[in-house]
Structure formats: C-alpha cells, structure tokens
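J.: Next up, work_37.cif (mmCIF, C-alpha atoms (C1' of nucleotides)).
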data_input
loop_
_atom_site.label_atom_id
_atom_site.label_comp_id
_atom_site.auth_asym_id
_atom_site.auth_seq_id
_atom_site.Cartn_x
_atom_site.Cartn_y
_atom_site.Cartn_z
CA MET K 1 -26.15 160.52 -5.04
CA THR K 2 -23.76 158.48 -7.08
CA SER K 3 -21.02 160.92 -6.21
CA LEU K 4 -21.25 159.99 -2.54
CA LEU K 5 -20.06 156.49 -3.26
CA PRO K 6 -16.29 156.15 -3.02
CA VAL K 7 -14.34 154.33 -5.72
CA PHE K 8 -13.62 150.66 -5.42
CA ARG K 9 -10.30 149.41 -4.20
CA SER K 10 -9.10 146.06 -5.42
CA LEU K 11 -7.66 142.96 -3.86
CA PRO K 12 -6.16 140.18 -5.96
CA LEU K 13 -8.19 137.08 -5.23
CA HIS K 14 -9.12 134.19 -7.45
CA LEU K 15 -12.63 132.81 -7.65
CA VAL K 16 -11.18 129.49 -6.49
CA GLN K 17 -10.49 131.13 -3.14
CA LEU K 18 -13.83 132.86 -2.77
CA SER K 19 -17.09 132.91 -4.68
CA LEU K 20 -19.29 135.68 -3.33
CA SER K 21 -22.33 134.51 -5.27
CA ALA K 22 -22.12 131.11 -3.62
CA VAL K 23 -20.94 132.00 -0.14
CA LEU K 24 -23.14 134.98 0.63
CA LYS K 25 -26.41 133.26 -0.21
CA CYS K 26 -25.86 129.72 0.93
CA GLY K 27 -27.28 130.09 4.41
CA GLN K 28 -24.36 131.30 6.49
CA SER K 29 -25.16 134.98 6.72
CA PHE K 30 -28.67 136.26 6.08
CA ARG K 31 -27.96 139.95 5.99
CA TRP K 32 -26.19 140.66 2.70
CA THR K 33 -28.12 142.80 0.27
CA ILE K 34 -27.72 141.65 -3.32
CA LEU K 35 -27.78 144.41 -5.92
CA PRO K 36 -27.97 142.68 -9.25
CA GLY K 37 -26.16 144.26 -12.16
CA ALA K 38 -26.39 143.68 -15.87
CA SER K 39 -24.16 140.63 -15.59
CA GLN K 40 -22.86 138.54 -12.74
CA ASP K 41 -19.73 140.53 -12.10
CA ASP K 42 -21.67 143.76 -11.97
CA THR K 43 -23.52 142.36 -9.01
CA GLU K 44 -22.82 144.12 -5.74
CA TYR K 45 -23.08 142.74 -2.23
CA TRP K 46 -23.73 145.16 0.62
CA LEU K 47 -23.49 144.50 4.34
CA CYS K 48 -24.14 147.02 7.11
CA LEU K 49 -21.59 146.84 9.93
CA ARG K 50 -21.54 148.94 13.11
CA ASP K 51 -20.00 152.01 11.52
CA ARG K 52 -20.00 151.44 7.75
CA VAL K 53 -21.68 149.65 4.90
CA VAL K 54 -19.25 147.40 3.08
CA CYS K 55 -19.81 146.98 -0.67
CA LEU K 56 -18.21 144.16 -2.62
CA ARG K 57 -17.94 143.13 -6.21
CA GLN K 58 -15.96 140.37 -7.81
CA SER K 59 -14.34 139.36 -11.07
CA SER K 60 -12.51 136.13 -11.84
CA ASN K 61 -9.29 137.23 -10.22
CA THR K 62 -10.10 140.31 -8.18
CA LEU K 63 -12.23 141.29 -5.23
CA PHE K 64 -13.37 144.92 -5.26
CA TYR K 65 -14.34 146.68 -2.08
CA ARG K 66 -15.44 150.03 -0.78
CA ALA K 67 -17.35 151.28 2.23
CA VAL K 68 -20.05 153.88 2.72
CA TYR K 69 -20.25 155.91 5.93
CA PRO K 70 -22.87 158.10 7.60
CA ASP K 71 -20.38 160.92 7.20
CA PRO K 72 -19.40 160.83 3.53
CA GLN K 73 -16.86 163.68 3.60
CA PRO K 74 -14.12 162.73 6.05
CA ALA K 75 -10.65 164.27 6.21
CA PRO K 76 -8.19 162.61 3.81
CA THR K 77 -6.24 160.98 6.63
CA GLN K 78 -9.44 159.58 8.07
CA LYS K 79 -10.29 158.23 4.65
CA ALA K 80 -7.07 156.25 4.36
CA LEU K 81 -7.55 154.81 7.81
CA ARG K 82 -11.06 153.72 6.93
CA ASP K 83 -9.89 151.94 3.80
CA ALA K 84 -7.26 150.14 5.81
CA GLU K 85 -9.86 149.10 8.37
CA THR K 86 -12.17 147.76 5.70
CA LEU K 87 -9.37 145.68 4.27
CA VAL K 88 -8.58 144.27 7.69
CA TRP K 89 -12.24 143.44 8.15
CA LEU K 90 -12.34 141.66 4.78
CA ASN K 91 -9.35 139.53 5.64
CA ASP K 92 -10.93 138.58 8.92
CA TYR K 93 -14.49 138.02 7.72
CA PHE K 94 -13.54 135.87 4.74
CA GLN K 95 -10.61 134.25 6.58
CA LEU K 96 -8.41 134.95 3.59
CA ASP K 97 -5.35 133.63 5.36
CA ILE K 98 -6.80 130.17 4.85
CA ASP K 99 -5.86 128.71 1.48
CA LEU K 100 -9.10 127.20 0.22
CA ALA K 101 -7.44 125.63 -2.83
CA ALA K 102 -5.14 123.67 -0.54
CA LEU K 103 -8.09 122.52 1.54
CA TYR K 104 -9.97 121.39 -1.59
CA ASP K 105 -6.86 119.39 -2.52
CA GLU K 106 -6.76 117.74 0.86
CA TRP K 107 -10.46 116.85 0.82
CA THR K 108 -10.01 115.50 -2.70
CA THR K 109 -7.30 113.17 -1.45
CA ARG K 110 -9.30 112.03 1.54
CA ASP K 111 -12.69 111.73 -0.13
CA PRO K 112 -13.57 110.49 -3.64
CA ILE K 113 -17.14 111.76 -3.22
CA PHE K 114 -15.83 115.24 -2.64
CA ALA K 115 -13.54 114.91 -5.67
CA LYS K 116 -16.58 114.25 -7.82
CA ILE K 117 -18.55 117.34 -6.89
CA LYS K 118 -15.86 119.89 -6.09
CA SER K 119 -15.57 121.43 -9.56
CA ARG K 120 -19.15 122.58 -9.38
CA PHE K 121 -18.76 124.39 -6.11
CA GLN K 122 -15.58 126.36 -6.13
CA GLY K 123 -14.81 129.11 -3.72
CA ILE K 124 -17.15 128.02 -0.95
CA ARG K 125 -15.65 128.85 2.39
CA ILE K 126 -16.79 129.43 5.95
CA LEU K 127 -17.23 133.06 6.96
CA ARG K 128 -15.96 134.32 10.29
CA GLN K 129 -19.11 136.05 11.46
CA ASP K 130 -20.07 138.06 14.51
CA PRO K 131 -21.11 135.54 17.18
CA TRP K 132 -24.12 137.48 18.45
CA GLU K 133 -25.63 138.00 15.02
CA ASN K 134 -24.79 134.43 14.14
CA LEU K 135 -26.46 133.09 17.28
CA VAL K 136 -29.69 135.03 16.77
CA SER K 137 -29.84 134.21 13.06
CA PHE K 138 -29.61 130.51 13.74
CA ILE K 139 -32.15 130.60 16.54
CA CYS K 140 -34.38 131.83 13.72
CA SER K 141 -33.36 128.91 11.53
CA SER K 142 -35.26 126.11 13.23
CA LYS K 143 -37.92 124.56 11.00
CA ASN K 144 -37.31 127.36 8.57
CA ASN K 145 -35.94 128.23 5.17
CA ILE K 146 -33.36 130.70 3.90
CA VAL K 147 -35.83 133.12 2.35
CA ARG K 148 -37.88 133.46 5.49
CA ILE K 149 -34.87 133.63 7.80
CA THR K 150 -33.53 136.46 5.66
CA LYS K 151 -36.78 138.37 6.04
CA MET K 152 -36.81 137.82 9.79
CA VAL K 153 -33.24 138.99 10.29
CA GLN K 154 -33.93 142.05 8.19
CA ALA K 155 -37.02 142.85 10.25
CA LEU K 156 -34.92 142.51 13.39
CA CYS K 157 -32.48 145.11 12.10
CA THR K 158 -34.99 147.65 10.82
CA HIS K 159 -37.06 147.48 14.02
CA TYR K 160 -34.36 147.35 16.66
CA SER K 161 -31.42 149.24 15.29
CA PRO K 162 -31.38 152.82 13.96
CA PRO K 163 -30.47 153.28 10.30
CA LEU K 164 -26.78 153.91 9.73
CA VAL K 165 -26.94 155.15 6.15
CA SER K 166 -29.75 155.76 3.72
CA PHE K 167 -29.94 157.10 0.21
CA PRO K 168 -32.28 159.81 -1.03
CA GLY K 169 -34.90 158.39 -3.31
CA GLU K 170 -34.47 154.87 -2.01
CA ASP K 171 -36.83 153.29 0.43
CA THR K 172 -34.26 151.00 1.99
CA ALA K 173 -31.99 152.26 4.74
CA TYR K 174 -29.09 150.20 5.99
CA HIS K 175 -29.30 149.11 9.61
CA PRO K 176 -26.60 147.35 11.64
CA PHE K 177 -27.50 144.21 13.57
CA PRO K 178 -29.08 145.22 16.90
CA PRO K 179 -27.04 144.65 20.08
CA PRO K 180 -28.23 142.23 22.82
CA SER K 181 -29.54 145.06 25.02
CA ALA K 182 -31.96 146.08 22.26
CA LEU K 183 -33.58 142.66 22.19
CA ALA K 184 -33.62 141.93 25.91
CA GLU K 185 -36.65 144.06 26.86
CA PRO K 186 -39.78 142.06 27.77
CA GLY K 187 -41.90 143.70 25.09
CA VAL K 188 -39.62 142.47 22.34
CA SER K 189 -41.14 139.02 22.35
CA ALA K 190 -44.63 140.22 21.49
CA THR K 191 -43.33 142.58 18.82
CA LEU K 192 -41.30 139.87 17.17
CA ARG K 193 -44.35 137.62 17.15
CA SER K 194 -46.29 140.30 15.37
CA LEU K 195 -43.44 140.47 12.88
CA GLY K 196 -43.93 136.80 12.09
CA PHE K 197 -41.19 135.20 14.16
CA GLY K 198 -43.52 132.61 15.65
CA TYR K 199 -42.23 130.65 18.60
CA ARG K 200 -38.69 131.89 17.90
CA ALA K 201 -39.69 135.31 19.24
CA ASP K 202 -39.51 134.13 22.85
CA PHE K 203 -36.24 132.31 22.30
CA ILE K 204 -34.59 135.45 20.97
CA GLN K 205 -35.81 137.77 23.70
CA ARG K 206 -34.99 135.30 26.48
CA THR K 207 -31.55 134.56 25.07
CA ALA K 208 -30.81 138.28 24.79
CA LYS K 209 -31.95 138.79 28.37
CA MET K 210 -29.87 135.90 29.69
CA LEU K 211 -26.83 137.35 27.96
CA VAL K 212 -27.35 140.91 29.19
CA ASP K 213 -28.12 139.76 32.75
CA ALA K 214 -25.02 137.61 32.89
CA HIS K 215 -22.79 140.31 31.41
CA PRO K 216 -24.26 143.69 32.32
CA GLN K 217 -23.14 146.84 30.60
CA THR K 218 -21.09 149.17 32.77
CA VAL K 219 -20.41 151.86 30.19
CA LEU K 220 -22.37 152.35 27.00
CA VAL K 221 -20.27 153.47 24.08
CA HIS K 222 -22.02 154.20 20.84
CA ASN K 223 -21.13 151.81 18.03
CA HIS K 224 -19.06 149.59 20.28
CA ALA K 225 -19.62 145.98 21.22
CA GLU K 226 -21.50 145.41 24.46
CA ALA K 227 -20.00 143.40 27.30
CA SER K 228 -22.11 140.36 26.49
CA GLU K 229 -21.03 140.47 22.85
CA LYS K 230 -17.41 140.55 23.93
CA TRP K 231 -18.03 137.59 26.19
CA LEU K 232 -19.49 135.64 23.27
CA MET K 233 -16.47 136.61 21.21
CA GLY K 234 -14.30 135.25 23.98
CA LEU K 235 -15.67 131.78 23.32
CA ARG K 236 -13.29 131.73 20.38
CA ASP K 237 -10.49 131.19 22.86
CA ARG K 238 -12.19 128.32 24.70
CA SER K 239 -12.22 124.69 23.66
CA THR K 240 -14.93 123.41 21.36
CA ARG K 241 -16.48 121.41 24.16
CA GLU K 242 -16.52 124.32 26.60
CA ALA K 243 -17.87 126.78 24.05
CA ARG K 244 -20.62 124.37 23.03
CA GLU K 245 -21.56 123.84 26.65
CA GLU K 246 -22.01 127.59 27.10
CA LEU K 247 -24.08 127.99 23.94
CA LEU K 248 -26.43 125.15 24.89
CA LYS K 249 -27.48 127.09 28.00
CA PHE K 250 -29.43 129.57 25.89
CA VAL K 251 -33.06 128.96 24.98
CA GLY K 252 -33.73 128.00 21.40
CA VAL K 253 -30.19 126.71 21.10
CA GLY K 254 -29.88 122.95 20.70
CA ARG K 255 -27.01 120.94 19.35
CA LYS K 256 -27.51 121.92 15.72
CA VAL K 257 -27.71 125.66 16.31
CA ALA K 258 -24.81 125.53 18.75
CA ASP K 259 -22.65 123.74 16.21
CA CYS K 260 -23.52 126.26 13.51
CA VAL K 261 -22.35 129.07 15.77
CA LEU K 262 -19.21 127.15 16.76
CA LEU K 263 -18.31 126.68 13.11
CA MET K 264 -19.37 130.00 11.64
CA SER K 265 -18.31 132.51 14.26
CA LEU K 266 -16.26 130.81 16.96
CA ASP K 267 -13.41 129.38 14.88
CA LYS K 268 -14.31 125.73 15.48
CA LYS K 269 -13.43 124.62 11.97
CA GLU K 270 -13.75 120.91 12.64
CA VAL K 271 -17.40 121.03 13.73
CA VAL K 272 -19.97 119.60 11.31
CA PRO K 273 -23.51 120.76 12.09
CA VAL K 274 -25.88 117.87 11.46
CA ASP K 275 -29.35 118.39 10.07
CA THR K 276 -31.65 115.89 8.43
CA HIS K 277 -30.11 116.49 5.00
CA VAL K 278 -26.54 116.14 6.18
CA HIS K 279 -27.69 112.95 7.83
CA GLN K 280 -29.14 111.68 4.55
CA ILE K 281 -25.93 112.55 2.75
CA ALA K 282 -23.88 110.70 5.36
CA VAL K 283 -26.03 107.62 4.90
CA LYS K 284 -26.10 107.72 1.12
CA HIS K 285 -22.56 108.75 0.29
CA TYR K 286 -20.49 107.96 3.32
CA GLY K 287 -21.77 104.58 4.35
CA LEU K 288 -23.22 105.62 7.66
CA LYS K 289 -25.23 102.70 8.92
CA SER K 290 -28.86 103.60 8.60
CA ALA K 291 -30.68 103.33 11.88
CA SER K 292 -33.96 102.22 10.35
CA ALA K 293 -33.18 99.16 8.24
CA SER K 294 -33.40 99.59 4.48
CA GLY K 295 -36.41 101.83 4.37
CA GLY K 296 -34.37 104.80 5.50
CA LYS K 297 -37.36 107.08 5.74
CA LYS K 298 -37.77 109.34 8.70
CA VAL K 299 -35.41 108.76 11.55
CA ALA K 300 -35.54 110.99 14.60
CA MET K 301 -32.32 112.87 15.17
CA THR K 302 -31.33 111.54 18.56
CA PRO K 303 -28.23 112.82 20.35
CA LYS K 304 -26.50 109.53 19.70
CA LEU K 305 -27.26 109.60 15.98
CA TYR K 306 -26.10 113.21 15.85
CA GLU K 307 -22.77 112.17 17.34
CA ASP K 308 -22.45 109.29 14.89
CA VAL K 309 -22.95 111.50 11.84
CA ASN K 310 -20.80 114.23 13.30
CA SER K 311 -17.82 112.00 14.06
CA LYS K 312 -18.20 110.04 10.83
CA LEU K 313 -17.84 113.16 8.71
CA PHE K 314 -15.04 114.46 10.89
CA ASN K 315 -13.16 111.25 10.21
CA VAL K 316 -13.71 111.61 6.48
CA TRP K 317 -12.74 115.25 6.10
CA GLY K 318 -10.38 115.89 8.99
CA GLU K 319 -9.30 119.05 10.74
CA TYR K 320 -11.38 121.34 8.54
CA ALA K 321 -14.40 119.05 8.39
CA GLY K 322 -16.83 121.89 9.03
CA TRP K 323 -15.47 123.78 6.06
CA ALA K 324 -15.72 120.69 3.87
CA HIS K 325 -19.31 120.24 4.97
CA SER K 326 -20.17 123.67 3.58
CA VAL K 327 -19.11 122.34 0.18
CA GLY K 328 -20.09 118.70 0.54
CA GLY K 329 -23.41 119.79 1.96
CA MET K 330 -24.18 121.28 -1.44
CA GLN K 331 -25.17 117.92 -2.83
CA PRO K 332 -28.48 117.31 -4.54
CA GLU K 333 -30.01 115.76 -1.45
CA SER K 334 -29.47 118.90 0.49
CA GLU K 335 -32.11 121.54 0.90
CA SER K 336 -29.47 124.25 0.79
CA PHE K 337 -28.41 122.97 -2.60
CA PHE K 338 -31.93 123.25 -3.88
CA GLN K 339 -32.48 126.66 -2.40
CA PHE K 340 -29.16 127.70 -3.83
CA LEU K 341 -30.19 126.55 -7.29
CA THR K 342 -33.47 128.34 -7.19
CA SER K 343 -32.30 131.48 -5.46
CA PHE K 344 -32.12 134.72 -7.34
CA PRO K 345 -28.60 135.25 -8.63
CA PHE K 346 -28.51 131.68 -9.76
CA GLN K 347 -31.61 132.03 -11.81
CA VAL K 348 -30.24 135.01 -13.62
CA LEU K 349 -27.20 132.94 -14.43
CA PHE K 350 -29.44 130.29 -15.89
CA THR K 351 -31.02 132.72 -18.27
CA ALA K 352 -28.51 135.45 -18.85
CA ASP K 353 -24.98 134.27 -18.44
CA LEU K 354 -24.59 130.64 -19.35
CA LYS K 355 -21.10 131.06 -20.72
CA SER K 356 -19.54 132.16 -17.51
CA PHE K 357 -20.84 129.36 -15.34
CA ALA K 358 -17.43 127.89 -14.79
CA SER K 359 -16.12 131.18 -13.50
CA TYR K 360 -18.59 131.06 -10.68
CA GLY K 361 -17.83 127.55 -9.71
CA LEU K 362 -21.13 126.46 -11.13
CA PRO K 363 -21.79 123.68 -13.56
CA THR K 364 -20.82 124.46 -17.12
CA PRO K 365 -23.36 123.64 -19.80
CA SER K 366 -22.23 120.57 -21.66
CA GLY K 367 -19.96 121.47 -24.56
CA SER K 368 -18.53 124.72 -23.34
CA SER K 369 -15.67 124.35 -20.95
CA THR K 370 -14.02 127.71 -21.31
CA PRO K 371 -15.00 130.29 -18.74
CA SER K 372 -15.30 133.57 -20.55
CA ILE K 373 -13.97 136.29 -18.33
CA PRO K 374 -14.99 139.81 -19.26
CA SER K 375 -11.87 141.68 -20.32
CA ARG K 376 -12.64 144.81 -18.37
CA ALA K 377 -12.05 142.84 -15.20
CA VAL K 378 -8.46 144.06 -15.56
CA ASP K 379 -9.16 147.57 -14.37
CA PRO K 380 -12.77 148.15 -13.54
CA ILE K 381 -12.33 150.05 -10.32
CA VAL K 382 -13.21 153.58 -11.28
CA LEU K 383 -15.05 152.81 -14.46
CA LEU K 384 -17.70 150.52 -13.06
CA PRO K 385 -21.05 152.28 -12.81
CA THR K 386 -23.09 152.34 -9.67
CA PRO K 387 -25.26 149.26 -9.74
CA PRO K 388 -28.88 149.87 -10.58
CA MET K 389 -31.25 149.70 -7.64
CA THR K 390 -34.11 148.61 -9.87
CA PRO K 391 -36.07 145.52 -8.90
CA ILE K 392 -35.45 142.22 -10.60
CA PRO K 393 -37.24 142.04 -13.94
CA PRO K 394 -40.06 139.52 -13.56
CA GLN K 395 -39.01 137.53 -16.59
CA LEU K 396 -35.67 136.91 -14.93
CA LYS K 397 -37.17 135.52 -11.77
CA ARG K 398 -37.77 132.19 -13.42
CA PRO K 399 -35.87 130.55 -16.23
CA HIS K 400 -37.75 131.31 -19.44
CA ASP K 401 -36.43 128.33 -21.34
CA ASP K 402 -35.63 124.75 -20.52
CA THR K 403 -31.92 125.24 -20.13
CA ALA K 404 -32.19 125.18 -16.39
CA ILE K 405 -34.24 122.01 -16.41
CA ASP K 406 -31.73 120.34 -18.72
CA MET K 407 -28.90 121.20 -16.41
CA LEU K 408 -30.76 119.91 -13.42
CA LYS K 409 -31.37 116.67 -15.27
CA LYS K 410 -27.65 116.42 -15.77
CA PHE K 411 -27.21 116.76 -12.02
CA ASP K 412 -29.82 114.10 -11.52
CA ASP K 413 -28.01 111.75 -13.88
CA ASP K 414 -24.62 112.35 -12.36
CA PHE K 415 -25.80 111.77 -8.85
CA GLY K 416 -28.40 109.12 -9.50
CA VAL K 417 -31.25 111.20 -8.16
CA THR K 418 -34.45 112.22 -9.88
CA SER K 419 -35.66 114.95 -7.67
CA LEU K 420 -34.17 118.24 -8.74
CA ALA K 421 -35.60 118.70 -12.20
CA GLU K 422 -39.00 117.62 -10.96
CA ARG K 423 -38.93 119.94 -8.02
CA VAL K 424 -38.02 122.91 -10.18
CA LYS K 425 -40.77 122.06 -12.65
CA ARG K 426 -43.32 121.83 -9.87
CA ARG K 427 -42.18 125.07 -8.38
CA ARG K 428 -42.33 126.77 -11.76
CA ARG K 429 -45.80 125.48 -12.51
CA SER K 430 -47.10 126.85 -9.25
CA ALA K 431 -45.48 130.23 -9.77
"C1'" DC M 1 -31.55 108.80 29.16
"C1'" DT M 2 -34.92 108.15 25.16
"C1'" DC M 3 -39.36 109.17 23.28
"C1'" DC M 4 -43.04 112.17 21.75
"C1'" DG M 5 -46.12 116.00 21.03
"C1'" DA M 6 -46.36 120.94 20.66
"C1'" DC M 7 -44.80 125.09 18.72
"C1'" DC M 8 -45.49 129.79 14.57
"C1'" DT M 9 -45.83 130.48 9.87
"C1'" DG M 10 -45.74 129.42 5.09
"C1'" DC M 11 -46.03 126.71 1.26
"C1'" DG M 12 -47.29 122.45 -1.48
"C1'" DG P 1 -49.68 118.00 6.22
"C1'" DC P 2 -45.00 118.88 6.83
"C1'" DA P 3 -40.59 121.80 7.22
"C1'" DG P 4 -32.48 122.24 7.75
"C1'" DG P 5 -35.08 122.35 15.52
"C1'" DT P 6 -35.90 122.83 20.41
"C1'" DC P 7 -38.39 122.40 24.69
"C1'" DG P 8 -40.54 120.04 28.36
"C1'" DG P 9 -43.00 116.39 30.28
"C1'" DA P 10 -43.78 111.30 30.33
#
Before we go any further, please render this structure as structure tokens.

T.:
Amino acid sequence: MTSLLPVFRSLPLHLVQLSLSAVLKCGQSFRWTILPGASQDDTEYWLCLRDRVVCLRQSSNTLFYRAVYPDPQPAPTQKALRDAETLVWLNDYFQLDIDLAALYDEWTTRDPIFAKIKSRFQGIRILRQDPWENLVSFICSSKNNIVRITKMVQALCTHYSPPLVSFPGEDTAYHPFPPPSALAEPGVSATLRSLGFGYRADFIQRTAKMLVDAHPQTVLVHNHAEASEKWLMGLRDRSTREAREELLKFVGVGRKVADCVLLMSLDKKEVVPVDTHVHQIAVKHYGLKSASASGGKKVAMTPKLYEDVNSKLFNVWGEYAGWAHSVGGMQPESESFFQFLTSFPFQVLFTADLKSFASYGLPTPSGSSTPSIPSRAVDPIVLLPTPPMTPIPPQLKRPHDDTAIDMLKKFDDDFGVTSLAERVKRRRRSA
DNA sequence: CTCCGACCTGCG
DNA sequence: GCAGGTCGGA
C-alpha cells in the first residue's frame, strides 16, 4: 500500500507566505482531509481533484507535494508531466505569485489594528478555488458552522461523484466534487434533505439546474469541466459588479454568499464578505457607526448596512481588502476565530507541540519566543513515513491541562474581551 | 425599498 | 432558543 504513494517533491516556501494548518481549516475550502501525524509537520493535507489526489505537507521553509492517481504505474514521461501539472496547480490554487509578506506590510502601514494581531496569524491567504465547488459550499454555509458544512460537502461528494482513488483496508475513498449535471436532477433535492442538508437542499438542486439549463452540455468528456462550470470560471474576466449580478440570480445566493465566491474563486481580491461577526469587528475596531445606539445588540443586516461595512473595510485595507479580511476576521469576536481555536489540529498543538507555536503563526506561550524548527525539515522528502491513518486519540481531542485556557485568557486580556476562555471551558465541560 | 417571519438541523 | 443567510410576502 505504502509503496503506491510517490515520493514528495519540495517547493521552497516560508510559513510567512502560507500556513496550511491555518488556511485549509479556516472556512474557505471544506474538502481537505487532514491526516494528523506525530507532530504538526508530519500532518498531511489531501484534496481530491478531477484526476488526482493532491497531498501536501509543510515545514517552516518548505512545502512538500505529491499526487496520487487512479493509475499508479504510469510511464516515466507521463509521471514527469503529472508532477509538472501538480506544481502548476499548486501555484494557481495558493496564488503563490502574490507576496503575502508584502501585503502584511502594507496592511500594517494602513491599519494599526492589523499590526497588533498579525503576528499571531501568519501565512493566511485567500485560496483560488473552483467556482462551482465554492458556490455550492457557500450555499451550504447559511446559518451553519464549519464542522457541519464540511460534513455536508463530503456527503455531496460521496453520493454524487464516483470514487477516484481508494486504498485497500481503508474505509474512505476519495471523491472529486460532483459536476453541476450530477446535482441538477429533480430527485437530488429529496436525497440531500435526507442527508441532512435542510432547506439548502432545494437551493443546491435548483442552482445546479439553472446553471445546466442556461449552459447545456454539448459533448460530455470524462474528467473535464462542463460548459456551465466554464461559464462560471469566465466570471473571473468580468467586472466585480457584473460577476456579482450574475451570482445573485441563483437561489440560495444572497449578497454574503456571492461576495464569498467573488473573493475566493473569482479573483475579486478587494471584496470583503460581511457577516454578523465582521460587522461587529467593524463597529468595535474600525469605528463604524453603530446603527442601534450604544446597546449594539442585534442589528439586522440590511443591504445599506452591508454596503457601509463593506466600503468601510475596503477603505481601511485597500486593493486587497478581501485578503486582509481573511486575517483580520480572525479576531476574538469572530466565530471563525473560535472555531479555528477549537478545531482539531489546533487542539493537538495546545497539548503536544507548544514550542513550535510561532512557526505556525500561532500565539507563542509567554516566555518562549524561539520557534523550534525540527532539523529534519532540511531533507525530509523521501524519508518521511506515510502518515498514520489512525483516528485521533481521544485524549488529544481536548486539551488535558489548562495551558489552552491560559493562552485564551491572554487573548482575552490583549483584546479586552472575556469570552474565549469561558466559551472553551463551557464547551469542555459539556464534552 | 425596508421589514419580518419562516426555513432544516444541531447544539447549548 | 438561536445560529457566519436567503427568500418571499406585507
């Protein structure tokens, strides 16, 4: 089994430019499989594309990549081509031509609030995702949380797209994201409801049908993008306003979802999607005038308010405001911040790997400021073992000491909030 | 054009 | 009873 996995190739890339542990679980893409290793840089991230499963691993200064195919024994020339393709995909998906360090510098200059939090959240960048997958994923996101969205997207793939690769002795096969035509059939809606999609089931089926009807398939080529997917991709070349207008025609797609898609798959880097938490952050940290006097409790997100928040943050952060929001949105008020803190890889860090916090762009425990980088990061490509597919040990699922709570208190102090430590305690008690 | 309730499911 | 939203009718 292990022998079927190709060796890793390496790409020089500093953690400042990309932090997989932060980016792949922060609510942009919901389809990455996390295979935890003994330590953080043994962790692997797997994503099933149309024709291959991409596997990534990261050390402080290197990104490691390989891909697994349905046909594991290609001709040598084919093999080289595949590696080249994977590298091209990586560059595109992570937008590695964009210098994130330079952007952080610019946001630091423009925004003292950003300057204060940036060291904790290094390497957070916007992915350049597939528009169709992105659209469906965010239709799922309304009134929802990351964990459940992840389950829904996974269910979508296993039920509506044939497995691309599977491994003997493992129960999980890897499925690509299903094409629009697979979700456009009338029966899909009922099936998705039975899978727990709730009211989003109808949105997804109807959106898929609208797309397929408007851009019918003339020729079906296996593993290739359908006409409607290409049309969606073409929105990258339209203006932000035009592209948004098109997206808003779909059911289940309001301003927030449309803006997420514009930012995360249609190259509209200046767009800041506004949710209730981003709104709160804009009021608290960026002096947005609160609509409801001093109370500031629950204000309905009207189109006008949306525009106010949106343009306010654009003015603060500038041309790459949407990218800045993915970092600035990681403030203690934000739900994504909380989910990020309590999500799996983070919790293992809390308990198992405190010394290397800084290397993951995460808060360093007071006292230690030196990120300890494992020395074998120099040449781990062939030597690294295949990551274990064992489930997460139960004792690692929750912090077993109070270190995590202490760190959260430090966050609370720094930001003048009192919620995080309490919320984690509550959550732990109920677990 | 703004306001308001309903909508699935899951978790506190 | 409410959640990172959207729809449709008043």

J.: Could you please tell me, as a list in words, which residues of chain K have an atom within 10 Å of chain M when using all atoms listed in the file?

T.: Lys143, Asn144, Asn145, Arg148, Arg193, Gly196, Phe197, Gly198, Tyr199, Arg200, Ala201, Ala300, Thr302, Pro303, Arg426, Arg427 and Ser430 of chain K

J.: Rank nothing, just name the residue among K:Asp202, K:Asp83, K:Glu270, K:Glu229 nearest to chain P, using all atoms listed in the file.

T.: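 Going through K:Asp202, K:Asp83, K:Glu270, K:Glu229 one by one, the smallest distance to chain P is for K:Asp202.
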
J.: By how many Å are CA of Tyr45 (chain K) and CA of His277 (chain K) apart?

T.: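 Pair CA of Tyr45 (chain K) / CA of His277 (chain K) returns 28.1 Å.
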
J.: Near chain P, which residues of chain K fall within 6 Å when you count all atoms listed in the file, and what do they look like as a list in words?

T.: Ser142, Lys143, Gly252 and Asp275 of chain K

J.: So the first atom is CA of Gly287 (chain K) and the second is CA of Phe121 (chain K); what is the distance between them in Å, to one decimal place?

T.: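 Between CA of Gly287 (chain K) and CA of Phe121 (chain K) the gap is 22.6 Å.
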
J.: Name the residues in contact with region 27-29 of chain K at a cut-off of 12 Å, using all atoms listed in the file, excluding same-chain residues fewer than 2 positions from it; report them as a PyMOL selection string.

T.: (chain K and resi 20-25+31-33+46-47+93-94+124-131+133-138+140-141+144-150+153-154+177+257+260-261+263-265+273+323+326+329-330+335-340+343) or (chain P and resi 4)

J.: If you measure from CA of Lys289 (chain K) to CA of Asp308 (chain K), what distance in Å do you get, rounded to one decimal?

T.: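 Those two atoms sit 9.3 Å apart.
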
J.: Go ahead and find all residues with at least one atom no further than 12 Å from (-12.3, 125.7, 21.9) in the file's coordinates, using only C-alpha atoms (C1' of nucleotides); report them as a PyMOL selection string.

T.: chain K and resi 233-246+259+262-263+265-271
